[in-house]
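Pasted below: coords19.csv, CSV, C-alpha atoms.
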chain,number,residue,atom,x,y,z
A,837,MET,CA,212.9,106.7,-35.1
A,838,GLY,CA,214.4,104.5,-32.5
A,839,ARG,CA,215.0,100.8,-32.9
A,840,SER,CA,211.9,99.8,-31.0
A,841,GLY,CA,209.9,102.2,-33.1
A,842,TRP,CA,211.2,100.6,-36.3
A,843,LYS,CA,210.5,97.2,-34.9
A,844,GLN,CA,206.9,98.1,-34.1
A,845,GLY,CA,206.4,99.6,-37.6
A,846,ALA,CA,207.9,96.5,-39.2
A,847,GLU,CA,205.6,94.3,-37.2
A,848,VAL,CA,202.5,96.3,-38.2
A,849,LYS,CA,203.7,96.0,-41.9
A,850,TRP,CA,204.1,92.3,-41.5
A,851,MET,CA,200.7,91.9,-39.9
A,852,ASN,CA,199.1,93.7,-42.8
A,853,LEU,CA,200.9,91.3,-45.2
A,854,LEU,CA,199.8,88.3,-43.1
A,855,ILE,CA,196.1,89.1,-43.5
A,856,ASP,CA,194.8,88.5,-47.0
A,857,HIS,CA,191.4,90.1,-47.2
A,858,GLU,CA,190.4,87.9,-50.2
A,859,VAL,CA,191.2,84.8,-48.2
A,860,LEU,CA,189.3,86.1,-45.2
A,861,LYS,CA,186.3,87.0,-47.4
A,862,ALA,CA,186.3,83.5,-48.9
A,863,GLU,CA,186.5,81.9,-45.5
A,864,ILE,CA,183.4,83.8,-44.3
A,865,GLU,CA,181.6,82.9,-47.5
A,866,LEU,CA,182.4,79.2,-46.9
A,867,GLU,CA,181.1,79.5,-43.3
A,868,ARG,CA,177.9,81.0,-44.7
A,869,ALA,CA,177.6,78.6,-47.6
A,870,SER,CA,174.4,76.6,-48.4
A,871,ALA,CA,174.3,72.9,-49.2
A,872,ASP,CA,174.0,73.9,-52.8
A,873,ASP,CA,177.2,76.0,-53.0
A,874,VAL,CA,179.4,74.8,-50.2
A,875,ILE,CA,181.6,72.7,-52.6
A,876,GLU,CA,182.1,75.7,-55.0
A,877,LYS,CA,182.9,78.0,-52.1
A,878,ALA,CA,185.3,75.5,-50.5
A,879,LYS,CA,187.2,75.2,-53.8
A,880,VAL,CA,187.5,79.0,-54.2
A,881,TYR,CA,188.7,79.3,-50.6
A,882,LEU,CA,191.2,76.4,-51.1
A,883,ALA,CA,192.6,78.0,-54.2
A,884,LEU,CA,193.1,81.3,-52.4
A,885,LEU,CA,194.7,79.5,-49.4
A,886,PHE,CA,197.2,77.8,-51.7
A,887,ALA,CA,198.2,81.1,-53.3
A,888,PHE,CA,198.4,82.8,-50.0
A,889,HIS,CA,200.5,80.0,-48.5
A,890,LYS,CA,202.9,80.2,-51.4
A,891,GLN,CA,203.1,84.0,-51.2
A,892,LEU,CA,203.8,83.9,-47.5
A,893,GLY,CA,206.6,81.4,-48.0
A,894,ARG,CA,208.2,83.5,-50.8
A,895,TYR,CA,208.0,86.7,-48.7
A,896,ALA,CA,209.3,85.0,-45.5
A,897,ARG,CA,212.3,83.5,-47.5
A,898,GLY,CA,213.0,87.0,-48.9
A,899,VAL,CA,212.8,88.7,-45.6
A,900,SER,CA,214.9,86.0,-44.0
A,901,ARG,CA,217.6,86.3,-46.7
A,902,GLY,CA,217.7,90.1,-46.4
A,903,ARG,CA,217.7,90.1,-42.6
A,904,TYR,CA,220.4,87.4,-42.6
A,905,GLN,CA,222.7,89.5,-44.7
A,906,ASN,CA,222.1,92.5,-42.5
A,907,GLN,CA,222.6,90.5,-39.3
A,908,LEU,CA,225.9,89.2,-40.6
A,909,ALA,CA,227.1,92.7,-41.1
A,910,LEU,CA,225.9,93.6,-37.6
A,911,ASN,CA,227.2,90.4,-36.1
A,912,GLN,CA,223.7,89.4,-35.0
A,913,ASP,CA,222.2,85.9,-34.9
A,914,PRO,CA,219.7,85.6,-37.7
A,915,VAL,CA,217.6,83.0,-35.8
A,916,GLU,CA,216.9,85.5,-33.0
A,917,GLN,CA,215.7,88.1,-35.6
A,918,ALA,CA,213.6,85.8,-37.7
A,919,PRO,CA,210.1,87.1,-38.5
A,920,GLU,CA,208.1,84.8,-36.3
A,921,PRO,CA,204.7,86.0,-37.6
A,922,PHE,CA,205.4,84.4,-41.0
A,923,GLY,CA,206.1,81.0,-39.5
A,924,THR,CA,202.8,81.2,-37.5
A,925,ALA,CA,200.8,82.4,-40.6
A,926,ILE,CA,202.3,79.7,-42.8
A,927,HIS,CA,201.4,77.0,-40.2
A,928,ILE,CA,197.8,78.4,-39.9
A,929,ALA,CA,197.4,78.5,-43.7
A,930,LYS,CA,198.7,75.0,-44.1
A,931,SER,CA,196.3,73.7,-41.3
A,932,GLU,CA,193.4,75.5,-43.0
A,933,ILE,CA,194.3,74.0,-46.4
A,934,LEU,CA,194.3,70.5,-44.8
A,935,ARG,CA,190.9,71.2,-43.1
A,936,VAL,CA,189.3,72.4,-46.3
A,937,GLU,CA,190.7,69.4,-48.3
A,938,ARG,CA,189.2,67.0,-45.7
A,939,LEU,CA,185.9,68.8,-45.9
A,940,LEU,CA,185.8,68.5,-49.7
A,941,ASP,CA,186.8,64.8,-49.4
A,942,LYS,CA,184.0,64.3,-46.8
A,943,PHE,CA,181.4,65.6,-49.3
A,944,SER,CA,182.7,63.9,-52.4
A,945,LYS,CA,184.4,60.6,-51.5
A,946,ILE,CA,181.5,58.7,-50.0
A,947,SER,CA,181.1,54.9,-50.4
A,948,ALA,CA,177.9,53.0,-50.4
A,949,PRO,CA,178.6,51.7,-46.8
A,950,GLU,CA,179.3,55.3,-45.7
A,951,ALA,CA,176.0,56.4,-47.3
A,952,VAL,CA,174.2,53.7,-45.3
A,953,GLU,CA,175.9,55.0,-42.1
A,954,ILE,CA,174.9,58.6,-42.9
A,955,PHE,CA,171.3,57.6,-43.7
A,956,ASN,CA,171.0,55.7,-40.4
A,957,ARG,CA,172.6,58.4,-38.4
A,958,LEU,CA,170.3,61.1,-39.8
A,959,GLY,CA,167.2,59.0,-40.1
A,960,HIS,CA,167.0,59.6,-43.8
A,961,ARG,CA,163.4,59.3,-45.1
A,962,GLY,CA,162.2,58.5,-41.7
A,963,SER,CA,164.3,55.3,-41.3
A,964,SER,CA,167.4,54.4,-39.3
A,965,SER,CA,167.4,50.9,-40.7
A,966,TRP,CA,169.3,51.2,-44.0
A,967,GLU,CA,171.5,48.5,-45.4
A,968,GLU,CA,173.7,48.0,-48.4
A,969,ALA,CA,172.8,45.4,-51.0
A,970,ILE,CA,174.2,44.5,-54.4
A,971,ASN,CA,174.4,47.8,-56.3
A,972,GLU,CA,171.8,49.4,-54.1
A,973,VAL,CA,171.0,50.8,-50.7
A,974,ARG,CA,167.6,50.0,-49.1
A,975,THR,CA,165.8,49.9,-45.8
A,976,ILE,CA,165.9,46.6,-44.1
A,977,ILE,CA,162.2,46.1,-44.6
A,978,GLY,CA,162.5,47.0,-48.2
A,979,THR,CA,160.1,49.9,-48.4
A,980,GLU,CA,162.8,52.3,-49.7
A,981,ARG,CA,165.5,51.5,-52.1
A,982,MET,CA,167.8,53.3,-54.5
A,983,SER,CA,170.9,52.6,-56.6
A,984,ALA,CA,174.2,52.9,-54.8
A,985,GLU,CA,175.1,55.8,-57.0
A,986,THR,CA,171.9,57.7,-56.0
A,987,ALA,CA,172.5,56.9,-52.3
A,988,ILE,CA,176.0,58.3,-52.5
A,989,GLU,CA,174.7,61.5,-54.1
A,990,GLU,CA,172.0,61.9,-51.5
A,991,ALA,CA,174.4,61.2,-48.7
A,992,GLY,CA,176.7,63.9,-50.0
A,993,MET,CA,173.8,66.3,-50.1
A,994,LEU,CA,172.8,65.4,-46.6
A,995,LEU,CA,176.3,66.0,-45.3
A,996,ARG,CA,176.4,69.4,-47.1
A,997,GLU,CA,173.0,70.3,-45.6
A,998,GLU,CA,174.2,69.2,-42.1
A,999,TYR,CA,177.4,71.4,-42.6
A,1000,ALA,CA,175.3,74.4,-43.6
A,1001,ALA,CA,172.8,74.0,-40.8
A,1002,THR,CA,175.6,73.6,-38.2
A,1003,ASN,CA,177.3,76.8,-39.4
A,1004,LYS,CA,174.0,78.7,-39.4
A,1005,THR,CA,173.4,77.6,-35.8
A,1006,THR,CA,176.9,78.6,-34.8
A,1007,GLU,CA,176.5,82.0,-36.5
A,1008,VAL,CA,173.1,82.6,-34.8
A,1009,MET,CA,174.7,81.6,-31.4
A,1010,GLY,CA,177.4,84.2,-32.0
A,1011,HIS,CA,180.4,81.8,-32.1

Now, as a test, write the supplied structure out as structure tokens.
Amino acid sequence: MGRSGWKQGAEVKWMNLLIDHEVLKAEIELERASADDVIEKAKVYLALLFAFHKQLGRYARGVSRGRYQNQLALNQDPVEQAPEPFGTAIHIAKSEILRVERLLDKFSKISAPEAVEIFNRLGHRGSSSWEEAINEVRTIIGTERMSAETAIEEAGMLLREEYAATNKTTEVMGH
């Protein structure tokens, strides 16, 4: 097999290593998650992403070390022969880790003022006039009120429902 044939074979092998089917499956499950299971599915996806990112880094370092030694013997520049797909895959995995971490934070780190903002934006319980008071969240006219803790929990659920509905709409539209 000629050099270009070896290179194409190696690239196919690398591409197979760069696609982790468990990670892909978990990503699809997160995209299809309901409001009730989105946090669980995001945590599973995140754990798989961390493991995949670590695996890619180890493999890329191993390939680079082996290729560097071969290139020294052949008097080739190791930088020119570095496996670019690994760098790209590592960057994508890291970006996805950050995205999922932000998503989990969005669902779970909500303050009472943020709950008020979410309620007003979504017209929660038919009102867009919510306000924060001492240890509670209520409508300005006082017809609805709840503890700040309950408001935070409800706002988190509303955000999860919004996420699930947005993904279902995107899936239906074929994006």

Residues within 10 Å of (172.9, 63.2, -49.4), counting only C-alpha atoms, listed as a PyMOL selection string: chain A and resi 871+943+946+951+954-955+960+986-998

Interatomic distance (Å, one decimal) between CA of Leu866 (chain A) and CA of Ala878 (chain A):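 These two atoms are separated by 5.9 Å.
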
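The gap separating CA of Arg974 (chain A) from CA of Gly962 (chain A) is 12.5 Å, in Å to one decimal.
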
Protein, DNA and RNA residues within 12 Å of (201.2, 75.7, -42.1), all atoms listed in the file, as an NGL selection string: :A and (885-886 or 888-890 or 892-893 or 921-935)

One-decimal distance in Å that lies between CA of Arg957 (chain A) and CA of Ile864 (chain A):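 So the answer is 28.2 Å.
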
Given only C-alpha atoms as the counted atoms, nearest of A:Ala1001, A:Ile970, A:Ala896, A:Ala883 to Pro949 (chain A):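 Ranking A:Ala1001, A:Ile970, A:Ala896, A:Ala883 by distance to Pro949 (chain A), first place goes to A:Ile970.
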
Counting only C-alpha atoms, the option among A:Arg897, A:Asp872, A:Lys879, A:Val952 closest to Ile976 (chain A):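 Ranking A:Arg897, A:Asp872, A:Lys879, A:Val952 by distance to Ile976 (chain A), first place goes to A:Val952.
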
Nearest to Asn1003 (chain A), chosen from A:Glu867, A:Ala862, A:Ser944, A:Ile875, with only C-alpha atoms counted in the distances: A:Glu867

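If only C-alpha atoms are the atoms counted, then among A:Ser964, A:Glu953, A:Leu940, A:Glu858 the closest residue to Asp873 (chain A) is A:Leu940.
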
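Of the residues under consideration (A:Ser965, A:Lys861, A:Asn956, A:Ala948), A:Ala948 shows the shortest atom-to-atom contact distance to Met982 (chain A) when counting all atoms listed in the file.
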
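For the choices A:Val880, A:Leu958, A:Val874, A:Ala869, the atom-to-atom distance to Lys942 (chain A) is smallest for A:Val874 when using all atoms listed in the file.
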